[in-house]
Protein chains: 2
Amino acid sequence: MQFELTKDFLEQIENAINNKEDGFLLESLFDLHVADLNLILVELSTDQCKYLLTILGTEKSAEVVAELDSDIRVKFLKSFEPADVAVLLPYLDSDDAADLLNEQTLKTREEVLSLVDDQEVVEHLHELLRYEEDCAGGMMGKELVKADINWTVSQCIQEIKRQAENVDKLYSIYVVNDKDKLLGRVSIKKILLAPKQTQIADLYEEDLISVDVFTEEQQIAQIMSKYDLDAVPVVNLQGKLVGRITIDDIIDVITEQAETERNLMAGISENVEQSDSVWNLTRARLPWLLIGVLGGLLSAMLLGVFEDPLSKYTAVAFFIPLITATGGNVGIQSSSIVVQSLANKSAFDDTVTAQLFKSFIVSLLNGVAIFVLVIIFTYAYQRDYNLSLVVGTAIFSVVILSSMMGTVTPLVLEKFDVNPAIASGPFITTANDILGIAIYFSIVKLLIINVAL
Amino acid sequence: MQFELTKDFLEQIENAINNKEDGFLLESLFDLHVADLNLILVELSTDQCKYLLTILGTEKSAEVVAELDSDIRVKFLKSFEPADVAVLLPYLDSDDAADLLNEQTLKTREEVLSLVDDQEVVEHLHELLRYEEDCAGGMMGKELVKADINWTVSQCIQEIKRQAENVDKLYSIYVVNDKDKLLGRVSIKKILLAPKQTQIADLYEEDLISVDVFTEEQQIAQIMSKYDLDAVPVVNLQGKLVGRITIDDIIDVITEQAETERNLMAGISENVEQSDSVWNLTRARLPWLLIGVLGGLLSAMLLGVFEDPLSKYTAVAFFIPLITATGGNVGIQSSSIVVQSLANKSAFDDTVTAQLFKSFIVSLLNGVAIFVLVIIFTYAYQRDYNLSLVVGTAIFSVVILSSMMGTVTPLVLEKFDVNPAIASGPFITTANDILGIAIYFSIVKLLIINVAL
């Protein structure tokens, strides 16, 4: 039942565009879901796309443009005159229209808005554009169905018929007083099931979860998934119902958040994919690699300080990768467990001290296991009791300290409003490399140089 | 408007339970959303929970139990008799009931089912339990509203009233023929807006996205987010409508998938949180750390092979962390870009060869930049032309080869049906450490030992 784009079909479409076979194009494309249409569009040239949209008509074009990925849309709309964009806006859901305008320069935005005829649309958009894009005010759509608390079910159904024209997905009907203050909700199901003369006042639920215009997207996502909501009403600071956020937007928030986190962990600064240009891929990766390289060069200078023991006891150098790798692994584990817990905060989370203490116990257990393994191996390998003790002690200390660093870093970042997932990326491994080397060679100096040998 | 659990309130509840103040408990808890009730439950002892559920009644208890996290529910239900569980089932959505039964042993499951009176419920559950939990058949609920294609709108509304009793969220009405074969859908909005005598046959949309019972959860998530669906109907292999999957379940799938990926990247084998027990945290972390430690010990043995150059040219050791860290960083970057692209497959993805070629070009650019930086630094630091050339060449080669490894590994894992995100975890850093050392010292031997010195 799902559409799959084949090379053959794409060629047919390209030929049809080049030969202006409008009938064929309409017939084969008009009934496609816009998500599928867009698979085709991204494969075409801008001119071909524009031709296709002309044939598909304004309403369909608006749907297509709304569904495009933000970065593709920005490029695509560059070839549009403000008037071409303005005709699309009234066909878009207000939240999509606001997103589209937000991607434009301030000048283009104003030009486009000045060319929209429908004054209600312009007003709605001006309202939505006032808010940051990642808070409820910037995410909400103006499309919703509301009922006055003084209506009956049959009045309500009449009104739904009128209001629902512009509302794609109904979900709930919001109940307001005559000043538009949000009082509660009534489900479509109840409206359908109730006798016609029932008062909305007797039917509606007062316990309603709403967010205010300044609630941040991540908090909205948390609320909606916690309470299994399809849509959440947005109120202004006076409690007036001003918009609605639907679950499809929240899925995007959740997906993007996961991608951002993965990128931070991997050390990639933009949302790139393997299919992006070589230049974009390089730009997203090089800065993070350079952080690691600079850390590596710092490590080299640090090791230079220990040239003397290194030159006398070459075997000490063999265990450098063991120390740095283990430090990195422990650090990433600790920080991502903390990052995950920060994302699912609960009322009775441990205090920072308690968290540190627990991390300490866990790293103690891990440290002991690793200590034993390393001591045995090192002795078997080098038959040098002192060296095994040094390496074992060093790795034990590295496990404990890297675990502490990995636990504290995300907590500190969170305090300073920086995404704590950064703590699971190249920064932590780089910092732990240097820390590990410092610990290792301090112990080397202490145990081998001064005492044992 | 949101509930927040305070220590005070929790204490009041605990006292009320201990003093059996049923009135107070009912008054303060009955109207809470189950998601909030559960925040309280997880803080109480099992006996306190059971007492609370008795007071709240069977229907509310069923909602509470359905909403519990799977691992908490398993522990909690251990103190329940099969008969206690059986009375809850008819109040649960069928998909939640099936999940609950799936967590029990086969014996308990059959015992519980034998004690359920409602034979329709038993039949539905037997059907759902036949499927794997992570495919459409195991995820779907039996609750949905369907209309016969031969009905009129007013017949349909009558039927909705009857069927909708058990259906929490209506979304669409599915249109079937008299053999229950899925033909299409009609939105509630259309039903509300259409004249009463309209035929469903004239109103319904034939273009409907559905999944079959064996579709896997990740594919369902992709389809639903691509097409912005609130619910998707599930058909059996004969095209008969057998269930429905709603968006709230898909949000859980997306969230869990992101968590699994993050854990694989961080080297954590179970879904643990900072609040889990020390034992669970250790068990989830130690195996991955040991992989890294074994890799480190292998590196030590590999370095042992190069004892001779190391003892002669100590400065060579200074750059070991630089080489291993850079290899690790490049490898993780490359693999996570590929993992991301695998998750968003498109029709015209590059072939493996084309992907490798592109990775090669990107790593070439990164490699050149890093080469220049490292050459300059090393020369400035050690004033040794040969050493800078060796370190520069080594790091350049490491960037290229780690990038290739990072690109190929997830593709190979995917081929063998292993989660490719493993390639961004400790495995890749460990493998790249060893690879990096081998490259570095091969070049050391080639350039310093044999040629230059």
# chains A, B, ... in the order shown; residues from 1 in each chain; ligands from 1

$ interface_residues --of "chain A" --to "chain B" --cutoff "6 Å" --atoms "only C-alpha atoms" --output "ChimeraX atom specification"
/A:161,193,228,248,258,266,273-274,278,282,286,296,300,303,311,314,318-319,321-322,332-333,337,341,362,366

$ residues_around --residues "region 51-62 of chain A" --least-positions-apart "6" --cutoff "8 Å" --atoms "only C-alpha atoms" --output "list in words"
Ile17, Asp22, Leu25, Leu26, Phe30, Val87, Leu88, Leu89, Tyr91 and Leu92 of chain A

$ select_by_dssp --residues "region 81-173 of chain B" --states "helix (DSSP H, G or I)" --output "PyMOL selection string"
chain B and resi 82-91+94-102+106-114+119-129+136-139+153-166

$ atom_distance --atom1 "CA of Glu111 (chain A)" --atom2 "CA of Lys78 (chain A)"
13.8 Å

$ atom_distance --atom1 "CA of Ala201 (chain A)" --atom2 "CA of Trp151 (chain A)"
7.7 Å

$ residues_around --residues "Val242 (chain B)" --least-positions-apart "2" --cutoff "10 Å" --atoms "only C-alpha atoms" --output "JSON, numbers by chain"
{"B": [124, 127, 128, 137, 140, 141, 142, 143, 144, 180, 181, 182, 212, 213, 233, 234, 235, 236, 239, 240, 244]}

$ write_last_selection --atoms "N, CA, C and O atoms" --output "mmCIF file, in the first residue's frame"
data_model
loop_
_atom_site.group_PDB
_atom_site.id
_atom_site.type_symbol
_atom_site.label_atom_id
_atom_site.label_comp_id
_atom_site.auth_asym_id
_atom_site.auth_seq_id
_atom_site.Cartn_x
_atom_site.Cartn_y
_atom_site.Cartn_z
ATOM 1 N N HIS B 124 -9.532 -12.050 22.037
ATOM 2 C CA HIS B 124 -8.668 -10.964 21.560
ATOM 3 C C HIS B 124 -7.247 -11.150 22.068
ATOM 4 O O HIS B 124 -6.280 -11.016 21.331
ATOM 5 N N GLU B 127 -5.361 -13.880 20.454
ATOM 6 C CA GLU B 127 -4.929 -13.455 19.117
ATOM 7 C C GLU B 127 -3.665 -12.592 19.201
ATOM 8 O O GLU B 127 -2.676 -12.838 18.507
ATOM 9 N N LEU B 128 -3.683 -11.590 20.089
ATOM 10 C CA LEU B 128 -2.538 -10.667 20.184
ATOM 11 C C LEU B 128 -1.278 -11.379 20.675
ATOM 12 O O LEU B 128 -0.172 -11.066 20.248
ATOM 13 N N GLY B 137 1.290 -6.988 14.795
ATOM 14 C CA GLY B 137 0.328 -7.879 15.441
ATOM 15 C C GLY B 137 0.440 -7.864 16.958
ATOM 16 O O GLY B 137 -0.561 -7.950 17.675
ATOM 17 N N MET B 140 -0.653 -3.965 18.180
ATOM 18 C CA MET B 140 -1.969 -3.376 17.903
ATOM 19 C C MET B 140 -2.938 -3.598 19.047
ATOM 20 O O MET B 140 -2.781 -4.483 19.878
ATOM 21 N N GLY B 141 -3.964 -2.748 19.096
ATOM 22 C CA GLY B 141 -5.080 -2.968 19.987
ATOM 23 C C GLY B 141 -6.277 -3.393 19.148
ATOM 24 O O GLY B 141 -6.334 -3.095 17.952
ATOM 25 N N LYS B 142 -7.190 -4.122 19.780
ATOM 26 C CA LYS B 142 -8.386 -4.538 19.041
ATOM 27 C C LYS B 142 -9.433 -3.427 19.026
ATOM 28 O O LYS B 142 -10.427 -3.520 18.308
ATOM 29 N N GLU B 143 -9.239 -2.388 19.847
ATOM 30 C CA GLU B 143 -10.237 -1.322 19.957
ATOM 31 C C GLU B 143 -10.184 -0.391 18.750
ATOM 32 O O GLU B 143 -9.175 0.292 18.533
ATOM 33 N N LEU B 144 -11.239 -0.369 17.989
ATOM 34 C CA LEU B 144 -11.329 0.557 16.860
ATOM 35 C C LEU B 144 -12.789 0.645 16.459
ATOM 36 O O LEU B 144 -13.619 -0.145 16.903
ATOM 37 N N ASP B 180 -15.173 -7.938 6.348
ATOM 38 C CA ASP B 180 -14.202 -7.238 7.196
ATOM 39 C C ASP B 180 -12.924 -6.870 6.471
ATOM 40 O O ASP B 180 -11.910 -6.548 7.097
ATOM 41 N N LYS B 181 -12.924 -6.926 5.165
ATOM 42 C CA LYS B 181 -11.739 -6.508 4.413
ATOM 43 C C LYS B 181 -11.647 -4.989 4.464
ATOM 44 O O LYS B 181 -12.642 -4.282 4.235
ATOM 45 N N LEU B 182 -10.474 -4.478 4.775
ATOM 46 C CA LEU B 182 -10.281 -3.030 4.909
ATOM 47 C C LEU B 182 -10.320 -2.355 3.543
ATOM 48 O O LEU B 182 -9.566 -2.710 2.639
ATOM 49 N N ASP B 212 0.692 -4.577 7.708
ATOM 50 C CA ASP B 212 0.199 -5.924 7.991
ATOM 51 C C ASP B 212 0.746 -6.396 9.335
ATOM 52 O O ASP B 212 1.640 -5.776 9.912
ATOM 53 N N VAL B 213 0.181 -7.478 9.839
ATOM 54 C CA VAL B 213 0.495 -7.918 11.206
ATOM 55 C C VAL B 213 1.974 -8.174 11.454
ATOM 56 O O VAL B 213 2.426 -8.137 12.590
ATOM 57 N N PRO B 233 -4.229 1.403 10.678
ATOM 58 C CA PRO B 233 -4.938 0.134 10.795
ATOM 59 C C PRO B 233 -4.009 -1.035 10.458
ATOM 60 O O PRO B 233 -3.095 -0.893 9.658
ATOM 61 N N VAL B 234 -4.254 -2.154 11.113
ATOM 62 C CA VAL B 234 -3.448 -3.353 10.879
ATOM 63 C C VAL B 234 -4.325 -4.396 10.197
ATOM 64 O O VAL B 234 -5.449 -4.645 10.643
ATOM 65 N N VAL B 235 -3.821 -4.976 9.120
ATOM 66 C CA VAL B 235 -4.586 -6.010 8.411
ATOM 67 C C VAL B 235 -3.827 -7.326 8.477
ATOM 68 O O VAL B 235 -2.606 -7.346 8.614
ATOM 69 N N ASN B 236 -4.565 -8.426 8.401
ATOM 70 C CA ASN B 236 -3.868 -9.707 8.320
ATOM 71 C C ASN B 236 -3.503 -9.994 6.860
ATOM 72 O O ASN B 236 -3.746 -9.153 5.982
ATOM 73 N N GLY B 239 -5.875 -9.274 4.189
ATOM 74 C CA GLY B 239 -6.387 -7.912 4.028
ATOM 75 C C GLY B 239 -7.532 -7.597 4.968
ATOM 76 O O GLY B 239 -8.181 -6.556 4.855
ATOM 77 N N LYS B 240 -7.802 -8.486 5.905
ATOM 78 C CA LYS B 240 -8.889 -8.261 6.860
ATOM 79 C C LYS B 240 -8.401 -7.336 7.975
ATOM 80 O O LYS B 240 -7.288 -7.495 8.486
ATOM 81 N N ARG B 244 -5.521 -1.902 15.377
ATOM 82 C CA ARG B 244 -5.118 -0.516 15.130
ATOM 83 C C ARG B 244 -3.962 -0.161 16.051
ATOM 84 O O ARG B 244 -3.950 -0.572 17.213
#

$ atom_distance --atom1 "CA of Lys50 (chain A)" --atom2 "CA of Val74 (chain A)"
14.1 Å
